[in-house]
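Participant: Structure in structure tokens, see below.
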Amino acid sequence: MLTSAATSPTETVDARSVIPVDIVERYHRARPTSAATFARARASMPGAETRAVTYYWPFPTVIDRGEGAELVDVDGLRYIDVVNNYTSLVHGNAQPEVAAALGPVLRRGTVFPALHDSQIALAEALVARIPAVELLRFTNSGSEASALALRIARRATGRRSITIAEGGYHGAVPPFTSGEPEITRTPYNDISALQSTITDDTAAVFMEPFLGAGGVIPGDPVFLHAVQRRAREVGAIFVLDEIQSLRNAPRGMADSLGLQPDLITLAKLIGGGLPIGAVGGRADLLELTSPLVPGRLDHAGTLNGNVAACVAGRAALRRLDAAAIDWLNTAAEGLALGIEAAGEAAGLPVTVTRAGSILNVHPGSAPVRAPRDAGRAAGCRAALHLGLLVEGIYTTPRGMINLSTALTPRQLDRVRDGYTTVLERLVNAPALLAEATGDAA
Ligand SMILES: Cc1ncc(COP(=O)(O)O)c(C=O)c1O
């Protein structure tokens, strides 16, 4: 039985009505401590949330700890982790080398109001690794990196407008949040629109090499080059957002795609699981922020380039060599095929989109080419997510999953088998099947 303590006035009514009752009851029955913790948290945080994406109906599983490729919740249930904090834990949870590097930091100081060696070491590693990054500055998040990149672009061009992709995500700060007047949205992978969406007024064009939050929709290299060309043509700054994509190629995706962005934004994995962001790119643009340049663009931040994040990030980056990236991408390819085959065998088709080791499982067999396709079959998505949690597989509500180097082939097989089990269960729910196949219920 569902208890009223766990329900919220703003919960997703759709999810409640379409997720098979046996899944909801099994989810609820095994998680009394999560339910009680969620109820407690609502007294201090709105909807028990401090970060969009962590709430889902009927109440989120509350995590106690992470151990490599597994998460353990407050009820003692274990999960194979294929979220890895939305790509920031490329080596899984509490990776021993990262943890070992952090040990001395906790004794010697986590942050100083000064230049320090670990900051320089991470900056040097990133400059050496990413060809388009000649200089860089650190921030505390990807959102802050986007904000700084925009300020640099505005200073360099004297213009204010920005163009980003429909379904593109660059962070949770204005003007990157929805509905801001300075933003023009251009359809992703549509070259014909660029003439009118990138103009003489455009200060910067921000683009992901694949739409991450938009459904893991790969960018057509021809489109990405056309964006770069059009930005150059009108004198706008071309910013490639590599906040998720850096993991997909040894020198990042700007390099693997042959792009020469003016600026690159970074975050997530470069902090080894601690808060970080960075803007790198052309030296002349970054020099606009130098204290040695009169009238420079000021950029402050109490925790910018703190010791802890730089040390953890350096350790994580060192482990992410070409062999590790190759393993991740190959494993992801195998998992994508396995999940699609599971859907076919179960009679509830799914489509898996993929960019390197980042994937998104979409209910239905119709191609997923645009963010609106990634929003289809919301009930089926919610049921799949909750069903997988019941099976001990930790994924995201929207269906995005990504791999870590901590995963073993056996754990990857268990993830695929989890999909098989849940899809076989969902195929018996006519409303979900109809939603996934696009047939009227
Ligand atoms: C492509 C992309 N850009 C920017 C961001 C914002 O980064 P952060 O959450 O560190 O602010 C994200 C976060 O998901 C992202 O995926």
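Chain labels follow the order of the structure tokens: the first chain is A, the next B, and so on; residue numbering restarts at 1 in every chain, and ligands are counted from 1 in their shown order.
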Using only C-alpha atoms and all ligand atoms, what are the residues with an atom within 7 Å of ligand 1, set out as a VMD selection string?

Facilitator: chain A and resid 86 141 to 144 146 169 to 172 208 212 to 213 241 to 244 267 to 268 276 to 277

Participant: Leaving out Leu407 of chain A and any residue of its chain fewer than 6 positions from it, which residues lie within 8 Å of it when counting only C-alpha atoms, given as a list in words?

Facilitator: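 The filter keeps Gly68, Ala69 and Gly92 of chain A.
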
Participant: Suppose you want the space between atom CA of Leu328 of chain A and atom CA of Gly273 of chain A; what is it in Å?

Facilitator: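 Computed distance, atom CA of Leu328 of chain A to atom CA of Gly273 of chain A, equals 17.9 Å.
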
Participant: Which residue, A:Gly387, A:Gly214, A:Gly109, A:Pro181, has the smallest gap to Glu25 of chain A when you use only C-alpha atoms?

Facilitator: A:Gly387

Participant: Leaving out Asp326 of chain A and any residue of its chain fewer than 6 positions from it, which residues lie within 9 Å of it when counting only C-alpha atoms, given as a ChimeraX atom specification?

Facilitator: /A:248-250,356

Participant: Mind checking which residues fall within 7 Å of Gly281 of chain A, counting only C-alpha atoms, ignoring those fewer than 3 positions away in the same chain, and posting them as number ranges by chain?

Facilitator: A: 132-136, 262-264, 286

Participant: Selected residues, all heavy atoms, written as a PDB file, in the first residue's frame, please.

Facilitator:
```pdb
ATOM      1  N   ALA A 132      42.303  22.402 -28.647  1.00  0.00           N
ATOM      2  CA  ALA A 132      41.741  23.762 -28.768  1.00  0.00           C
ATOM      3  C   ALA A 132      41.911  24.576 -27.487  1.00  0.00           C
ATOM      4  O   ALA A 132      41.589  25.765 -27.459  1.00  0.00           O
ATOM      5  CB  ALA A 132      40.263  23.691 -29.142  1.00  0.00           C
ATOM      6  N   VAL A 133      42.390  23.939 -26.413  1.00  0.00           N
ATOM      7  CA  VAL A 133      42.531  24.661 -25.143  1.00  0.00           C
ATOM      8  C   VAL A 133      43.974  25.140 -24.985  1.00  0.00           C
ATOM      9  O   VAL A 133      44.882  24.372 -24.660  1.00  0.00           O
ATOM     10  CB  VAL A 133      42.103  23.775 -23.948  1.00  0.00           C
ATOM     11  CG1 VAL A 133      42.399  24.464 -22.624  1.00  0.00           C
ATOM     12  CG2 VAL A 133      40.620  23.454 -24.044  1.00  0.00           C
ATOM     13  N   GLU A 134      44.183  26.444 -25.221  1.00  0.00           N
ATOM     14  CA  GLU A 134      45.528  27.026 -25.059  1.00  0.00           C
ATOM     15  C   GLU A 134      45.721  27.549 -23.642  1.00  0.00           C
ATOM     16  O   GLU A 134      46.816  27.494 -23.096  1.00  0.00           O
ATOM     17  CB  GLU A 134      45.722  28.153 -26.079  1.00  0.00           C
ATOM     18  CG  GLU A 134      45.716  27.639 -27.530  1.00  0.00           C
ATOM     19  CD  GLU A 134      45.723  28.755 -28.563  1.00  0.00           C
ATOM     20  OE1 GLU A 134      45.482  29.932 -28.218  1.00  0.00           O
ATOM     21  OE2 GLU A 134      45.957  28.436 -29.744  1.00  0.00           O
ATOM     22  N   LEU A 135      44.656  28.095 -23.092  1.00  0.00           N
ATOM     23  CA  LEU A 135      44.647  28.585 -21.706  1.00  0.00           C
ATOM     24  C   LEU A 135      43.277  28.251 -21.126  1.00  0.00           C
ATOM     25  O   LEU A 135      42.321  28.040 -21.882  1.00  0.00           O
ATOM     26  CB  LEU A 135      44.828  30.110 -21.667  1.00  0.00           C
ATOM     27  CG  LEU A 135      46.176  30.697 -22.060  1.00  0.00           C
ATOM     28  CD1 LEU A 135      46.068  32.240 -22.075  1.00  0.00           C
ATOM     29  CD2 LEU A 135      47.280  30.273 -21.090  1.00  0.00           C
ATOM     30  N   LEU A 136      43.172  28.235 -19.797  1.00  0.00           N
ATOM     31  CA  LEU A 136      41.844  28.024 -19.226  1.00  0.00           C
ATOM     32  C   LEU A 136      41.701  28.674 -17.868  1.00  0.00           C
ATOM     33  O   LEU A 136      42.699  29.022 -17.223  1.00  0.00           O
ATOM     34  CB  LEU A 136      41.510  26.527 -19.146  1.00  0.00           C
ATOM     35  CG  LEU A 136      42.320  25.612 -18.227  1.00  0.00           C
ATOM     36  CD1 LEU A 136      41.865  25.712 -16.785  1.00  0.00           C
ATOM     37  CD2 LEU A 136      42.151  24.161 -18.685  1.00  0.00           C
ATOM     38  N   ASP A 262      36.348  28.227 -30.692  1.00  0.00           N
ATOM     39  CA  ASP A 262      37.079  29.335 -30.070  1.00  0.00           C
ATOM     40  C   ASP A 262      37.198  29.101 -28.572  1.00  0.00           C
ATOM     41  O   ASP A 262      38.214  29.426 -27.967  1.00  0.00           O
ATOM     42  CB  ASP A 262      36.323  30.651 -30.326  1.00  0.00           C
ATOM     43  CG  ASP A 262      36.144  30.910 -31.816  1.00  0.00           C
ATOM     44  OD1 ASP A 262      37.170  30.957 -32.514  1.00  0.00           O
ATOM     45  OD2 ASP A 262      34.987  31.033 -32.274  1.00  0.00           O
ATOM     46  N   LEU A 263      36.117  28.567 -27.992  1.00  0.00           N
ATOM     47  CA  LEU A 263      36.110  28.249 -26.558  1.00  0.00           C
ATOM     48  C   LEU A 263      35.528  26.852 -26.362  1.00  0.00           C
ATOM     49  O   LEU A 263      34.687  26.395 -27.158  1.00  0.00           O
ATOM     50  CB  LEU A 263      35.253  29.256 -25.779  1.00  0.00           C
ATOM     51  CG  LEU A 263      35.740  30.711 -25.746  1.00  0.00           C
ATOM     52  CD1 LEU A 263      34.700  31.588 -25.043  1.00  0.00           C
ATOM     53  CD2 LEU A 263      37.097  30.840 -25.052  1.00  0.00           C
ATOM     54  N   ILE A 264      35.965  26.196 -25.279  1.00  0.00           N
ATOM     55  CA  ILE A 264      35.414  24.890 -24.899  1.00  0.00           C
ATOM     56  C   ILE A 264      35.020  24.992 -23.429  1.00  0.00           C
ATOM     57  O   ILE A 264      35.790  25.522 -22.615  1.00  0.00           O
ATOM     58  CB  ILE A 264      36.463  23.777 -25.103  1.00  0.00           C
ATOM     59  CG1 ILE A 264      36.592  23.448 -26.597  1.00  0.00           C
ATOM     60  CG2 ILE A 264      36.110  22.522 -24.313  1.00  0.00           C
ATOM     61  CD1 ILE A 264      37.538  22.314 -26.911  1.00  0.00           C
ATOM     62  N   LEU A 286      41.058  34.058 -23.774  1.00  0.00           N
ATOM     63  CA  LEU A 286      41.256  33.856 -22.328  1.00  0.00           C
ATOM     64  C   LEU A 286      42.062  35.003 -21.723  1.00  0.00           C
ATOM     65  O   LEU A 286      41.837  35.386 -20.571  1.00  0.00           O
ATOM     66  CB  LEU A 286      41.935  32.501 -22.089  1.00  0.00           C
ATOM     67  CG  LEU A 286      41.021  31.291 -21.861  1.00  0.00           C
ATOM     68  CD1 LEU A 286      40.232  31.441 -20.558  1.00  0.00           C
ATOM     69  CD2 LEU A 286      40.053  31.058 -23.001  1.00  0.00           C
TER      70      LEU A 286
END
```
